[in-house]
Each structure stands twice: as structure tokens, then as C-alpha cells.
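Q: My structure is stored as data09.txt, with compact mmCIF, N, CA and C atoms.
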# COMPACT_ATOMS: atom_id res chain seq x y z
N MET P 1 -22.15 8.27 -12.42
CA MET P 1 -21.28 7.48 -11.56
C MET P 1 -21.54 7.83 -10.10
N ASN P 2 -21.58 6.82 -9.28
CA ASN P 2 -21.81 6.99 -7.85
C ASN P 2 -20.53 7.48 -7.18
N GLU P 3 -20.55 8.69 -6.65
CA GLU P 3 -19.37 9.27 -6.02
C GLU P 3 -19.45 9.25 -4.50
N THR P 4 -20.04 8.23 -3.94
CA THR P 4 -20.08 8.12 -2.49
C THR P 4 -18.97 7.19 -2.01
N LEU P 5 -18.71 7.22 -0.73
CA LEU P 5 -17.74 6.33 -0.12
C LEU P 5 -18.44 5.67 1.06
N GLY P 6 -19.10 4.57 0.78
CA GLY P 6 -19.88 3.88 1.80
C GLY P 6 -19.01 3.13 2.78
N PRO P 7 -19.60 2.67 3.87
CA PRO P 7 -18.84 1.95 4.89
C PRO P 7 -18.17 0.68 4.37
N GLN P 8 -18.80 0.02 3.40
CA GLN P 8 -18.22 -1.22 2.86
C GLN P 8 -16.98 -0.93 2.01
N GLU P 9 -16.76 0.33 1.62
CA GLU P 9 -15.62 0.69 0.78
C GLU P 9 -14.41 1.16 1.60
N ARG P 10 -14.47 0.95 2.91
CA ARG P 10 -13.35 1.32 3.77
C ARG P 10 -12.71 0.06 4.35
N ILE P 11 -11.41 0.07 4.44
CA ILE P 11 -10.69 -1.04 5.06
C ILE P 11 -10.58 -0.72 6.54
N LYS P 12 -11.10 -1.60 7.38
CA LYS P 12 -11.13 -1.33 8.82
C LYS P 12 -10.48 -2.42 9.66
N LYS P 13 -10.51 -3.65 9.19
CA LYS P 13 -10.05 -4.77 10.01
C LYS P 13 -8.54 -4.94 9.95
N LYS P 14 -7.97 -5.25 11.11
CA LYS P 14 -6.53 -5.42 11.22
C LYS P 14 -6.03 -6.53 10.30
N LYS P 15 -6.78 -7.62 10.19
CA LYS P 15 -6.33 -8.72 9.34
C LYS P 15 -6.29 -8.31 7.87
N ASP P 16 -7.20 -7.42 7.45
CA ASP P 16 -7.17 -6.91 6.08
C ASP P 16 -5.92 -6.06 5.86
N PHE P 17 -5.60 -5.18 6.83
CA PHE P 17 -4.40 -4.36 6.72
C PHE P 17 -3.16 -5.24 6.62
N LEU P 18 -3.05 -6.22 7.50
CA LEU P 18 -1.88 -7.09 7.51
C LEU P 18 -1.75 -7.85 6.20
N HIS P 19 -2.87 -8.33 5.66
CA HIS P 19 -2.86 -9.07 4.39
C HIS P 19 -2.38 -8.17 3.25
N ILE P 20 -2.87 -6.95 3.21
CA ILE P 20 -2.49 -6.02 2.14
C ILE P 20 -1.01 -5.63 2.28
N TYR P 21 -0.55 -5.38 3.51
CA TYR P 21 0.87 -5.05 3.72
C TYR P 21 1.77 -6.20 3.28
N LYS P 22 1.33 -7.43 3.56
CA LYS P 22 2.17 -8.59 3.27
C LYS P 22 2.19 -8.92 1.78
N LYS P 23 1.04 -8.92 1.13
CA LYS P 23 0.93 -9.38 -0.25
C LYS P 23 0.88 -8.27 -1.28
N GLY P 24 0.63 -7.03 -0.84
CA GLY P 24 0.37 -5.94 -1.78
C GLY P 24 1.59 -5.42 -2.51
N LYS P 25 1.33 -4.73 -3.61
CA LYS P 25 2.37 -4.06 -4.38
C LYS P 25 2.43 -2.61 -3.91
N ARG P 26 3.58 -1.98 -4.14
CA ARG P 26 3.77 -0.63 -3.63
C ARG P 26 4.03 0.37 -4.75
N TYR P 27 3.55 1.58 -4.49
CA TYR P 27 3.80 2.72 -5.38
C TYR P 27 4.26 3.86 -4.51
N LYS P 28 5.39 4.48 -4.87
CA LYS P 28 5.90 5.62 -4.10
C LYS P 28 5.68 6.89 -4.91
N GLY P 29 4.82 7.76 -4.39
CA GLY P 29 4.56 9.03 -5.03
C GLY P 29 5.34 10.14 -4.35
N ASN P 30 5.15 11.35 -4.84
CA ASN P 30 5.84 12.50 -4.24
C ASN P 30 5.28 12.86 -2.87
N TYR P 31 3.98 12.64 -2.68
CA TYR P 31 3.31 13.10 -1.46
C TYR P 31 2.73 11.97 -0.62
N PHE P 32 2.71 10.76 -1.16
CA PHE P 32 2.17 9.62 -0.42
C PHE P 32 2.72 8.32 -0.98
N ASN P 33 2.66 7.28 -0.15
CA ASN P 33 2.96 5.93 -0.58
C ASN P 33 1.64 5.18 -0.67
N LEU P 34 1.57 4.29 -1.63
CA LEU P 34 0.32 3.59 -1.88
C LEU P 34 0.62 2.09 -1.92
N ILE P 35 -0.17 1.31 -1.21
CA ILE P 35 -0.05 -0.15 -1.23
C ILE P 35 -1.38 -0.67 -1.76
N TYR P 36 -1.33 -1.53 -2.76
CA TYR P 36 -2.57 -2.00 -3.36
C TYR P 36 -2.51 -3.50 -3.61
N LEU P 37 -3.68 -4.10 -3.61
CA LEU P 37 -3.81 -5.54 -3.80
C LEU P 37 -5.15 -5.81 -4.47
N SER P 38 -5.15 -6.71 -5.43
CA SER P 38 -6.41 -7.09 -6.09
C SER P 38 -7.36 -7.68 -5.07
N SER P 39 -8.64 -7.44 -5.29
CA SER P 39 -9.67 -7.86 -4.34
C SER P 39 -10.66 -8.79 -5.02
N ASP P 40 -11.24 -9.69 -4.24
CA ASP P 40 -12.28 -10.59 -4.75
C ASP P 40 -13.66 -9.94 -4.69
N LEU P 41 -13.75 -8.78 -4.08
CA LEU P 41 -15.03 -8.09 -3.95
C LEU P 41 -15.41 -7.43 -5.28
N ASN P 42 -16.63 -6.93 -5.36
CA ASN P 42 -17.11 -6.26 -6.57
C ASN P 42 -16.81 -4.77 -6.56
N PHE P 43 -16.11 -4.28 -5.55
CA PHE P 43 -15.83 -2.85 -5.41
C PHE P 43 -14.46 -2.68 -4.78
N SER P 44 -13.88 -1.51 -4.98
CA SER P 44 -12.58 -1.18 -4.39
C SER P 44 -12.78 -0.64 -2.98
N ARG P 45 -11.74 -0.82 -2.15
CA ARG P 45 -11.79 -0.31 -0.79
C ARG P 45 -10.56 0.55 -0.53
N LEU P 46 -10.68 1.45 0.45
CA LEU P 46 -9.62 2.41 0.73
C LEU P 46 -9.39 2.55 2.22
N ALA P 47 -8.13 2.80 2.57
CA ALA P 47 -7.76 3.23 3.93
C ALA P 47 -6.72 4.33 3.77
N VAL P 48 -6.83 5.37 4.56
CA VAL P 48 -5.88 6.48 4.52
C VAL P 48 -5.21 6.57 5.89
N ILE P 49 -3.88 6.58 5.88
CA ILE P 49 -3.11 6.66 7.11
C ILE P 49 -2.31 7.95 7.09
N VAL P 50 -2.49 8.77 8.13
CA VAL P 50 -1.74 10.02 8.26
C VAL P 50 -1.16 10.05 9.67
N SER P 51 0.16 9.99 9.76
CA SER P 51 0.86 9.95 11.03
C SER P 51 0.82 11.30 11.73
N LYS P 52 1.01 11.28 13.04
CA LYS P 52 1.09 12.53 13.80
C LYS P 52 2.31 13.34 13.40
N LYS P 53 3.29 12.71 12.76
CA LYS P 53 4.48 13.43 12.30
C LYS P 53 4.13 14.41 11.18
N VAL P 54 3.00 14.19 10.51
CA VAL P 54 2.61 15.04 9.39
C VAL P 54 2.08 16.38 9.87
N GLY P 55 1.34 16.40 10.96
CA GLY P 55 0.80 17.66 11.45
C GLY P 55 -0.20 17.45 12.55
N ASN P 56 -0.86 18.53 12.94
CA ASN P 56 -1.86 18.42 14.01
C ASN P 56 -3.14 17.78 13.48
N ALA P 57 -4.12 17.60 14.33
CA ALA P 57 -5.34 16.88 13.96
C ALA P 57 -6.08 17.55 12.81
N VAL P 58 -6.09 18.87 12.79
CA VAL P 58 -6.79 19.59 11.73
C VAL P 58 -6.15 19.29 10.37
N LYS P 59 -4.83 19.35 10.31
CA LYS P 59 -4.12 19.07 9.06
C LYS P 59 -4.28 17.62 8.64
N ARG P 60 -4.19 16.71 9.61
CA ARG P 60 -4.34 15.28 9.28
C ARG P 60 -5.73 14.98 8.74
N ASN P 61 -6.75 15.54 9.35
CA ASN P 61 -8.11 15.31 8.88
C ASN P 61 -8.35 15.91 7.50
N LYS P 62 -7.76 17.06 7.24
CA LYS P 62 -7.87 17.67 5.91
C LYS P 62 -7.26 16.76 4.85
N ILE P 63 -6.09 16.21 5.15
CA ILE P 63 -5.42 15.31 4.21
C ILE P 63 -6.28 14.07 3.97
N LYS P 64 -6.83 13.51 5.03
CA LYS P 64 -7.69 12.31 4.88
C LYS P 64 -8.91 12.63 4.03
N ARG P 65 -9.53 13.79 4.24
CA ARG P 65 -10.68 14.18 3.43
C ARG P 65 -10.30 14.31 1.96
N TRP P 66 -9.15 14.94 1.71
CA TRP P 66 -8.70 15.11 0.32
C TRP P 66 -8.45 13.76 -0.35
N MET P 67 -7.79 12.85 0.35
CA MET P 67 -7.46 11.55 -0.25
C MET P 67 -8.71 10.72 -0.49
N ARG P 68 -9.66 10.75 0.45
CA ARG P 68 -10.91 10.02 0.24
C ARG P 68 -11.68 10.63 -0.93
N SER P 69 -11.63 11.94 -1.06
CA SER P 69 -12.32 12.61 -2.16
C SER P 69 -11.70 12.21 -3.50
N LEU P 70 -10.38 12.16 -3.58
CA LEU P 70 -9.72 11.72 -4.81
C LEU P 70 -10.12 10.29 -5.17
N PHE P 71 -10.18 9.43 -4.16
CA PHE P 71 -10.56 8.04 -4.40
C PHE P 71 -11.99 7.94 -4.94
N ARG P 72 -12.92 8.59 -4.27
CA ARG P 72 -14.32 8.42 -4.68
C ARG P 72 -14.63 9.12 -5.99
N ARG P 73 -13.93 10.20 -6.32
CA ARG P 73 -14.17 10.88 -7.59
C ARG P 73 -13.56 10.16 -8.78
N ASN P 74 -12.61 9.28 -8.52
CA ASN P 74 -11.90 8.59 -9.61
C ASN P 74 -12.03 7.08 -9.53
N LYS P 75 -13.09 6.59 -8.92
CA LYS P 75 -13.31 5.15 -8.80
C LYS P 75 -13.37 4.45 -10.15
N GLU P 76 -13.95 5.14 -11.14
CA GLU P 76 -14.14 4.51 -12.45
C GLU P 76 -12.81 4.25 -13.17
N LEU P 77 -11.72 4.90 -12.73
CA LEU P 77 -10.41 4.66 -13.35
C LEU P 77 -9.81 3.33 -12.94
N LEU P 78 -10.28 2.78 -11.83
CA LEU P 78 -9.80 1.47 -11.39
C LEU P 78 -10.58 0.40 -12.14
N ALA P 79 -9.91 -0.27 -13.08
CA ALA P 79 -10.59 -1.26 -13.91
C ALA P 79 -11.03 -2.46 -13.09
N ASN P 80 -10.16 -2.93 -12.21
CA ASN P 80 -10.46 -4.09 -11.37
C ASN P 80 -10.58 -3.64 -9.92
N PRO P 81 -11.37 -4.35 -9.12
CA PRO P 81 -11.48 -3.98 -7.69
C PRO P 81 -10.14 -4.14 -6.97
N LEU P 82 -9.78 -3.14 -6.21
CA LEU P 82 -8.52 -3.14 -5.47
C LEU P 82 -8.75 -2.74 -4.03
N ASP P 83 -7.90 -3.23 -3.15
CA ASP P 83 -7.80 -2.72 -1.78
C ASP P 83 -6.59 -1.79 -1.77
N ILE P 84 -6.79 -0.55 -1.34
CA ILE P 84 -5.73 0.46 -1.40
C ILE P 84 -5.51 1.06 -0.01
N ILE P 85 -4.24 1.12 0.39
CA ILE P 85 -3.85 1.82 1.61
C ILE P 85 -2.96 2.98 1.18
N ILE P 86 -3.34 4.19 1.56
CA ILE P 86 -2.56 5.39 1.25
C ILE P 86 -1.93 5.90 2.55
N THR P 87 -0.61 6.04 2.54
CA THR P 87 0.11 6.58 3.68
C THR P 87 0.72 7.92 3.28
N ALA P 88 0.30 8.98 3.96
CA ALA P 88 0.74 10.33 3.62
C ALA P 88 2.17 10.57 4.10
N LYS P 89 2.91 11.34 3.30
CA LYS P 89 4.26 11.80 3.68
C LYS P 89 4.16 13.23 4.22
N LYS P 90 5.22 13.68 4.88
CA LYS P 90 5.23 15.05 5.40
C LYS P 90 5.09 16.09 4.30
N GLU P 91 5.62 15.77 3.12
CA GLU P 91 5.61 16.72 1.99
C GLU P 91 4.20 17.06 1.53
N ILE P 92 3.22 16.28 1.93
CA ILE P 92 1.85 16.50 1.49
C ILE P 92 1.30 17.85 1.97
N LEU P 93 1.87 18.37 3.05
CA LEU P 93 1.41 19.65 3.58
C LEU P 93 1.67 20.81 2.62
N GLU P 94 2.74 20.70 1.82
CA GLU P 94 3.07 21.76 0.87
C GLU P 94 2.31 21.62 -0.45
N ALA P 95 1.63 20.51 -0.64
CA ALA P 95 0.97 20.24 -1.91
C ALA P 95 -0.35 20.99 -2.02
N SER P 96 -0.62 21.50 -3.21
CA SER P 96 -1.93 22.08 -3.47
C SER P 96 -2.86 20.96 -3.91
N TRP P 97 -4.14 21.28 -3.99
CA TRP P 97 -5.12 20.28 -4.42
C TRP P 97 -4.79 19.76 -5.81
N LEU P 98 -4.41 20.64 -6.72
CA LEU P 98 -4.14 20.23 -8.10
C LEU P 98 -2.90 19.34 -8.22
N THR P 99 -1.85 19.65 -7.47
CA THR P 99 -0.65 18.79 -7.52
C THR P 99 -0.92 17.44 -6.88
N LEU P 100 -1.70 17.43 -5.82
CA LEU P 100 -2.07 16.17 -5.18
C LEU P 100 -2.93 15.32 -6.11
N GLN P 101 -3.84 15.98 -6.80
CA GLN P 101 -4.69 15.28 -7.76
C GLN P 101 -3.85 14.69 -8.89
N ALA P 102 -2.89 15.45 -9.40
CA ALA P 102 -2.03 14.96 -10.47
C ALA P 102 -1.19 13.76 -10.00
N ASP P 103 -0.69 13.82 -8.78
CA ASP P 103 0.10 12.72 -8.23
C ASP P 103 -0.76 11.47 -8.06
N TYR P 104 -1.99 11.65 -7.59
CA TYR P 104 -2.90 10.52 -7.41
C TYR P 104 -3.24 9.88 -8.77
N LEU P 105 -3.54 10.71 -9.77
CA LEU P 105 -3.87 10.16 -11.09
C LEU P 105 -2.67 9.45 -11.71
N ALA P 106 -1.46 9.95 -11.46
CA ALA P 106 -0.26 9.25 -11.93
C ALA P 106 -0.13 7.89 -11.24
N ALA P 107 -0.47 7.83 -9.96
CA ALA P 107 -0.42 6.56 -9.23
C ALA P 107 -1.43 5.57 -9.81
N ILE P 108 -2.64 6.03 -10.10
CA ILE P 108 -3.68 5.15 -10.65
C ILE P 108 -3.25 4.65 -12.03
N LYS P 109 -2.66 5.53 -12.84
CA LYS P 109 -2.19 5.15 -14.17
C LYS P 109 -1.12 4.07 -14.05
N SER P 110 -0.19 4.25 -13.11
CA SER P 110 0.87 3.27 -12.88
C SER P 110 0.30 1.92 -12.42
N ILE P 111 -0.69 1.97 -11.53
CA ILE P 111 -1.33 0.73 -11.05
C ILE P 111 -1.99 0.00 -12.21
N ARG P 112 -2.70 0.74 -13.05
CA ARG P 112 -3.38 0.12 -14.19
C ARG P 112 -2.37 -0.54 -15.12
N GLN P 113 -1.26 0.12 -15.39
CA GLN P 113 -0.23 -0.46 -16.27
C GLN P 113 0.39 -1.71 -15.65
N ASN P 114 0.64 -1.67 -14.34
CA ASN P 114 1.22 -2.84 -13.66
C ASN P 114 0.25 -4.01 -13.64
N ASN P 115 -1.05 -3.74 -13.47
CA ASN P 115 -2.03 -4.83 -13.46
C ASN P 115 -2.23 -5.43 -14.84
N ILE P 116 -2.09 -4.63 -15.89
CA ILE P 116 -2.24 -5.14 -17.25
C ILE P 116 -1.05 -6.02 -17.61
N SER P 117 0.15 -5.58 -17.22
CA SER P 117 1.37 -6.33 -17.59
C SER P 117 1.54 -7.59 -16.73
N SER P 118 0.94 -7.63 -15.54
CA SER P 118 1.10 -8.79 -14.66
C SER P 118 0.20 -9.92 -15.05
Can you give me the file's structure in the form of C-alpha cells?
A:
Amino acid sequence: MNETLGPQERIKKKKDFLHIYKKGKRYKGNYFNLIYLSSDLNFSRLAVIVSKKVGNAVKRNKIKRWMRSLFRRNKELLANPLDIIITAKKEILEASWLTLQADYLAAIKSIRQNNISS
């Protein structure tokens, strides 16, 4: 499995963000909120948002690296292509890698169940 995160797999355009915020479904986790929307593309895309309220630049960048790593390592769990926006909560600073990974996998499981039932 390809575990890279290429430029085409990132959400960058404002109109894409606005479309996902408007039409997307939401998942509230312990450490982050996730907004997702089915995509017409052949691959999933990701954006990670970490506010300055969460911490300084070093902490914010660490969180973004962790979330991108979780996404790219678990791409195969997403059955259908999705656009995903992850917004970190302040509580994420207390989370270890393993608890964050468990929360992310629970989010993906929930998304899969919601997409099957819809």
C-alpha cells in the first residue's frame, strides 16, 4: 500500500473547504472534530486545522504531522474516496500517540458505518 501523502491528497482551496463545511457530515471525537464528505475523485483528501488556542507552533506542527500520518497509514480503511477536514481540540495535547490512533480508528469505523447505512 502506498503510504505517501501527495499534493493532490490535500485540501487547499477555499471553495473546497466551504463546500465540505456546508454539505459534510460531522464526527465529534475526544481529541478532534472531523468533517467528511464523499468525493468524486479516485482518492481521499485531507486538511488538518490546529488553532493557536491549542498551543505554540511546535505543538501545532507536531499535531498536524501526527494527524497526516494517521491518515496516510490508514487510507485503505476508507472504502470510498472522502474529503476530510480534521480540527484539533485543546485536549489533543494530553493524548498519547496510541490514544490518538485509537480515536482516529474509531472515527473511521463510524464513518464507514454511516456511509453504509446512508
Q: Could you pull the residues within 7 Å of range 103-108 of chain P, counting only N, CA and C atoms, minus those fewer than 5 positions along the same chain, as a PyMOL selection string?
A: chain P and resi 27+29-31+77+98+113
Q: Would you mind telling me which residue in P:Arg72, P:Lys90, P:Tyr36, P:Ile11 lies nearest to Lys53 in chain P when using all atoms listed in the file?
A: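 Checking each of P:Arg72, P:Lys90, P:Tyr36, P:Ile11 against Lys53 in chain P, counting all atoms listed in the file, the winner is P:Lys90.
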Q: If the box runs along x, y and z of the file and leaves 8 Å on each side of range 98-111 of chain P, what are its centre and edge lengths in Å, one decimal, as lines of an AutoDock Vina configuration file?
A:
center_x = -1.9
center_y = 10.3
center_z = -9.7
size_x = 21.6
size_y = 36.6
size_z = 25.0
Q: Could you check how far atom N of Arg73 in chain P sits from CA of Arg26 in chain P, in Å to one decimal?
A: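 CA of Arg26 in chain P lies at a distance of 20.9 Å from atom N of Arg73 in chain P.
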Q: When you draw a straight line from CA of Ser38 in chain P to atom C of Val54 in chain P, how long is it in Å?
A: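 CA of Ser38 in chain P sits 29.6 Å away from atom C of Val54 in chain P.
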Q: Take atom C of Phe43 in chain P and atom C of Ile111 in chain P and report the distance between them in Å, one decimal.
A: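 Computing it gives 14.8 Å between the two atoms.
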Q: What are the DSSP alpha helix (DSSP H) residues of range 11-111 of chain P, as a PyMOL selection string?
A: chain P and resi 14-23+57-73+97-111
Q: Taking the point (-17.3, 13.5, -8.0) as given in the file, collect each protein or nucleic acid residue that comes within 12 Å of it, counting only C-alpha atoms, and present the set as a PyMOL selection string.
A: chain P and resi 1-5+68-76
Q: Could you turn the residues from that selection into a file that holds N, CA and C atoms, as an mmCIF file, in the frame of the given file?
A:
data_model
loop_
_atom_site.group_PDB
_atom_site.id
_atom_site.type_symbol
_atom_site.label_atom_id
_atom_site.label_comp_id
_atom_site.auth_asym_id
_atom_site.auth_seq_id
_atom_site.Cartn_x
_atom_site.Cartn_y
_atom_site.Cartn_z
ATOM 1 N N MET P 1 -22.150 8.270 -12.420
ATOM 2 C CA MET P 1 -21.280 7.480 -11.560
ATOM 3 C C MET P 1 -21.540 7.830 -10.100
ATOM 4 N N ASN P 2 -21.580 6.820 -9.280
ATOM 5 C CA ASN P 2 -21.810 6.990 -7.850
ATOM 6 C C ASN P 2 -20.530 7.480 -7.180
ATOM 7 N N GLU P 3 -20.550 8.690 -6.650
ATOM 8 C CA GLU P 3 -19.370 9.270 -6.020
ATOM 9 C C GLU P 3 -19.450 9.250 -4.500
ATOM 10 N N THR P 4 -20.040 8.230 -3.940
ATOM 11 C CA THR P 4 -20.080 8.120 -2.490
ATOM 12 C C THR P 4 -18.970 7.190 -2.010
ATOM 13 N N LEU P 5 -18.710 7.220 -0.730
ATOM 14 C CA LEU P 5 -17.740 6.330 -0.120
ATOM 15 C C LEU P 5 -18.440 5.670 1.060
ATOM 16 N N ARG P 68 -9.660 10.750 0.450
ATOM 17 C CA ARG P 68 -10.910 10.020 0.240
ATOM 18 C C ARG P 68 -11.680 10.630 -0.930
ATOM 19 N N SER P 69 -11.630 11.940 -1.060
ATOM 20 C CA SER P 69 -12.320 12.610 -2.160
ATOM 21 C C SER P 69 -11.700 12.210 -3.500
ATOM 22 N N LEU P 70 -10.380 12.160 -3.580
ATOM 23 C CA LEU P 70 -9.720 11.720 -4.810
ATOM 24 C C LEU P 70 -10.120 10.290 -5.170
ATOM 25 N N PHE P 71 -10.180 9.430 -4.160
ATOM 26 C CA PHE P 71 -10.560 8.040 -4.400
ATOM 27 C C PHE P 71 -11.990 7.940 -4.940
ATOM 28 N N ARG P 72 -12.920 8.590 -4.270
ATOM 29 C CA ARG P 72 -14.320 8.420 -4.680
ATOM 30 C C ARG P 72 -14.630 9.120 -5.990
ATOM 31 N N ARG P 73 -13.930 10.200 -6.320
ATOM 32 C CA ARG P 73 -14.170 10.880 -7.590
ATOM 33 C C ARG P 73 -13.560 10.160 -8.780
ATOM 34 N N ASN P 74 -12.610 9.280 -8.520
ATOM 35 C CA ASN P 74 -11.900 8.590 -9.610
ATOM 36 C C ASN P 74 -12.030 7.080 -9.530
ATOM 37 N N LYS P 75 -13.090 6.590 -8.920
ATOM 38 C CA LYS P 75 -13.310 5.150 -8.800
ATOM 39 C C LYS P 75 -13.370 4.450 -10.150
ATOM 40 N N GLU P 76 -13.950 5.140 -11.140
ATOM 41 C CA GLU P 76 -14.140 4.510 -12.450
ATOM 42 C C GLU P 76 -12.810 4.250 -13.170
#
Q: Between P:Leu18, P:Ala88, P:Ala102, P:Lys13, which residue has the minimum interatomic distance to Lys59 in chain P, considering only C-alpha atoms?
A: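 Going through P:Leu18, P:Ala88, P:Ala102, P:Lys13 one by one, the smallest distance to Lys59 in chain P is for P:Ala88.
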Q: Write out as number ranges by chain the set of residues from range 53-111 of chain P that DSSP, computed on the backbone, places in strand (DSSP E or B).
A: P: 82-88
Q: Which one is closest to Lys89 in chain P: P:Ile63, P:Lys52, P:Asn33, P:Ser110? Count all atoms listed in the file.
A: P:Asn33
